[in-house]
Amino acid sequence: MSKPKVAFYWCASCGGCEEAVVDLAEDILGVVSAVDIMFWPVALDFKRHDVEAMPDGSLAVSFINGAVRSSEQHEMVEMLRKKSQAVIAFGSCAHMGGIPGLANMFGRKELLANSYFDVPSVINDQKVLPQTTFDAPEGKLTLPEMWETVKTLDQVIDVDYYLPGCPPPVKIIKEALNAILTGQLPPKGAVLAPDEALCDECPRRDTKPDKIIISKFVRPHQILMDHEKCLLAQGLVCLGPVTRKGCEGSCTKASMPCTGCMGPTSRVVDFGGKALSAIASIVDAKDEREIEAALMEVVDPVGTFYRYSLPTSLLHRRYVQTVKEGE
Amino acid sequence: MSENKSTPKPFEPRIVAFFCNWCTYTAADLAGTARMRYAPNVRVVRIMCSGRLDPQFVLTALREGADGVLIGGCHPGDCHYQEGNYKALRRFSLFKRMLNDLGIEPARVRLEWIAASEGDKVQRVINEMTEAVRALGPLKLEPRALEGLEASLSEKAAELVLTQGETS
């Protein structure tokens with residue numbers, strides 16, 4: 001019997017998800033002996049035309065990481081969708097947009113202007129910007145088009161399962177691989193991680209007070225942390241109460257507050273809205289000004305609460321206010 | 001939505017109001033029984049306490065076509081559940097900053113304390129807010145947020161036309 005065929009692909013991502021697969025360490029040998037990896041640009045020398053040549057549905061699973069924000073990524077994921085029986089959105093970016101999704105706070109014009117003109121280390125006197133086509137003496141050159149809005153994988157193609165995390169924890173990946181190989185997968189659309197909040201498995205769980213009251217939020221560099229005590233109770237913005245567990249508190253263990261990469265549990269629609277709600281309501285003050293002062297250290301609410309999920313939020317992105325003509 | 005495209009209807013803001021059961025909703029009731037006139041642009045949703053208001057409700061309202069959201073609760077110290085309105089205030093304080101960063105003008109989302117006896121305040125706040133949102137114009141979210149909706153609506157409309165065509 002032939003082994004199931006799988007593919008790995010990356011879109012707008014940092015490469016950390018590829019690293020997570022390598023982090024399987026010697027267990028990767030088990031994976032390689034159980035499946036045939038047909039396509040994995042970061043590690044294996046297969047090209048686009050190799051995928052094109054595959055019959056539709058011949059791949060058992062495609063693991064796709066990264067957000068989708070260019071015409072090339074769009075083409076590739078559509079092709080992989082056709083060739084695969086199942087598609088798994090791998091990691092925060094494919095799942096919810098991830099860090100690249102924060103680009104939705106700006107438009108394409110602003111982003112390109114920043115990268116190509118405004119960054120102090122850039123010298124670009126001729127104001128050159130990337131073009132989708134260019135007539136070179138050797139012939140016409142083309143580049144993929146960058147989109148105005150960063151999208152999650154499931155906003156572009158049909159997705160069967162989600163593996164959350166930035167990057168997905170090794171344990172979660174192993175469990176998912178086992179479920180795939182033994183055919184014991186949950187219903188389509190499921191997030192392949194436990195459906196409970198991180199506090200539930202946080203090593204600091206026992207020091208979490210029944211009722212947390214904060215007089216002022218602080219940022220990690222502003223205090224000398226207690227390395228055992230609940231981070232939220234110390235006034236740090238820890239999103240553990242609203243974030244899905246599965247990472248075993250890898251950040252909180254290392255005295256860094258949870259930033260929410262595993263995304264929300266299944267009951268939450270908009271991660272940022274819910275996270276903001278949970279954090280703001282534990283402030284002690286009752287007076288409007290005191291409340292504002294206590295929350296001042298949450299300097300960037302969108303970046304704090306939608307750090308990994310802006311494209312999947314109810315508003316999807318910042319909308320550019322209608323500028324009246326002449327302004 | 002207007003049938004005649006040459007004379008488009010003037011913009012009428014759609015405002016979703018979340019009123020707490022014990023104070024503001026009762027005040028709205030009072031305004032009604034006292035036959036006070038106020039702008040018909042508000043759709044009131046009764047919640048038990050302003051502290052029950054999840055920011056997700058506001059985001060959903062904006063996403064689904066509201067041009068503004070009004071939140072009404074009991075005056076500080078008067079909450080039926082002791083603390084609910086303070087929770088609402090804390091969330092609102094951070095939430096309005098976040099909405100502003102996301103490009104939603106501050107005037108589109110408003111929190112007001114309105115006691116059960118203040119029918120006239122309901123009238124004033126609703127009128128004020130309607131005018132403020134009218135001046136801002138319709139809330140334009142990223143087109144894609146509404147694209148799907150339009151497509152599914154036109155699909156449904158086409159289905160309706162088809163089924164009606166069959167029956168007639």
# chains A, B, ... in the order shown; residues from 1 in each chain; ligands from 1
$ interface_residues --of "chain A" --to "chain B" --cutoff "9 Å" --atoms "only C-alpha atoms" --output "PyMOL selection string"
chain A and resi 105+268-274+276-283+285-288+291-292+295-296+298+300-302+313-322
$ residues_around --residues "Thr132 in chain A" --least-positions-apart "6" --cutoff "9 Å" --atoms "only C-alpha atoms" --output "list in words"
Leu141, Thr142, Leu143, Pro144, Glu145 and Met146 of chain A
$ residues_around --residues "Leu30 in chain B" --least-positions-apart "5" --cutoff "12 Å" --atoms "only C-alpha atoms" --output "list in words"
Cys23, Thr24, Tyr25, Arg35, Met36, Arg37, Ile114, Ala115, Ala116, Ser117, Glu118, Gly119, Asp120, Lys121, Val122 and Gln123 of chain B
$ select_by_dssp --residues "range 31-165 of chain B" --states "strand (DSSP E)" --output "list of chain:residue names"
B:Val42, B:Arg43, B:Val44, B:Val45, B:Arg46, B:Ile47, B:Gly68, B:Val69, B:Leu70, B:Ile71, B:Gly72, B:Gly73, B:Val109, B:Arg110, B:Leu111, B:Glu112, B:Trp113
$ select_by_dssp --residues "range 20-63 of chain B" --states "alpha helix (DSSP H)" --output "compact mmCIF listing (two decimals) with N, CA and C atoms, in the first residue's frame"
# COMPACT_ATOMS: atom_id res chain seq x y z
N THR B 24 -32.07 52.45 31.86
CA THR B 24 -32.24 53.12 30.58
C THR B 24 -33.43 52.58 29.78
N TYR B 25 -33.63 51.28 29.83
CA TYR B 25 -34.77 50.72 29.09
C TYR B 25 -36.08 51.22 29.69
N THR B 26 -36.10 51.29 31.02
CA THR B 26 -37.28 51.81 31.70
C THR B 26 -37.49 53.28 31.34
N ALA B 27 -36.38 54.01 31.21
CA ALA B 27 -36.46 55.42 30.82
C ALA B 27 -37.02 55.55 29.40
N ALA B 28 -36.58 54.64 28.51
CA ALA B 28 -37.08 54.66 27.13
C ALA B 28 -38.57 54.36 27.12
N ASP B 29 -38.98 53.46 28.02
CA ASP B 29 -40.39 53.12 28.18
C ASP B 29 -41.17 54.36 28.62
N LEU B 30 -40.58 55.07 29.56
CA LEU B 30 -41.19 56.29 30.09
C LEU B 30 -41.34 57.33 28.97
N ALA B 31 -40.27 57.47 28.19
CA ALA B 31 -40.33 58.42 27.07
C ALA B 31 -41.47 58.04 26.13
N GLY B 32 -41.67 56.75 25.97
CA GLY B 32 -42.75 56.27 25.10
C GLY B 32 -44.12 56.58 25.66
N THR B 33 -44.33 56.24 26.93
CA THR B 33 -45.65 56.46 27.52
C THR B 33 -45.94 57.96 27.65
N PRO B 55 -18.03 43.65 24.19
CA PRO B 55 -17.61 44.44 23.02
C PRO B 55 -17.92 43.75 21.70
N GLN B 56 -18.00 42.43 21.73
CA GLN B 56 -18.35 41.69 20.50
C GLN B 56 -19.72 42.09 19.97
N PHE B 57 -20.65 42.45 20.89
CA PHE B 57 -21.99 42.87 20.44
C PHE B 57 -21.88 44.14 19.59
N VAL B 58 -21.06 45.06 20.08
CA VAL B 58 -20.91 46.34 19.38
C VAL B 58 -20.26 46.11 18.01
N LEU B 59 -19.21 45.29 18.00
CA LEU B 59 -18.51 45.00 16.75
C LEU B 59 -19.45 44.31 15.77
N THR B 60 -20.27 43.39 16.28
CA THR B 60 -21.20 42.68 15.41
C THR B 60 -22.21 43.66 14.82
N ALA B 61 -22.72 44.57 15.66
CA ALA B 61 -23.69 45.55 15.16
C ALA B 61 -23.07 46.39 14.05
N LEU B 62 -21.84 46.85 14.27
CA LEU B 62 -21.17 47.68 13.26
C LEU B 62 -20.94 46.87 11.99
N ARG B 63 -20.52 45.64 12.18
CA ARG B 63 -20.26 44.77 11.03
C ARG B 63 -21.52 44.49 10.23
$ closest_residue --among "B:Cys79, B:Cys74, B:Val16, B:Val44" --to "Val133 in chain B" --atoms "only C-alpha atoms"
B:Val16
$ atom_distance --atom1 "CA of Gly97 in chain A" --atom2 "CA of Thr152 in chain A"
4.8 Å
$ closest_residue --among "A:Arg289, A:Lys174, A:Lys188, A:Arg48" --to "Val87 in chain A" --atoms "only C-alpha atoms"
A:Lys188
$ closest_residue --among "A:Asp154, A:Ser266, A:Ser71, A:Cys199" --to "Thr252 in chain A" --atoms "only C-alpha atoms"
A:Cys199
$ atom_distance --atom1 "CA of Leu59 in chain A" --atom2 "CA of Lys82 in chain A"
9.1 Å
$ atom_distance --atom1 "CA of Gly107 in chain A" --atom2 "CA of Glu75 in chain A"
21.9 Å
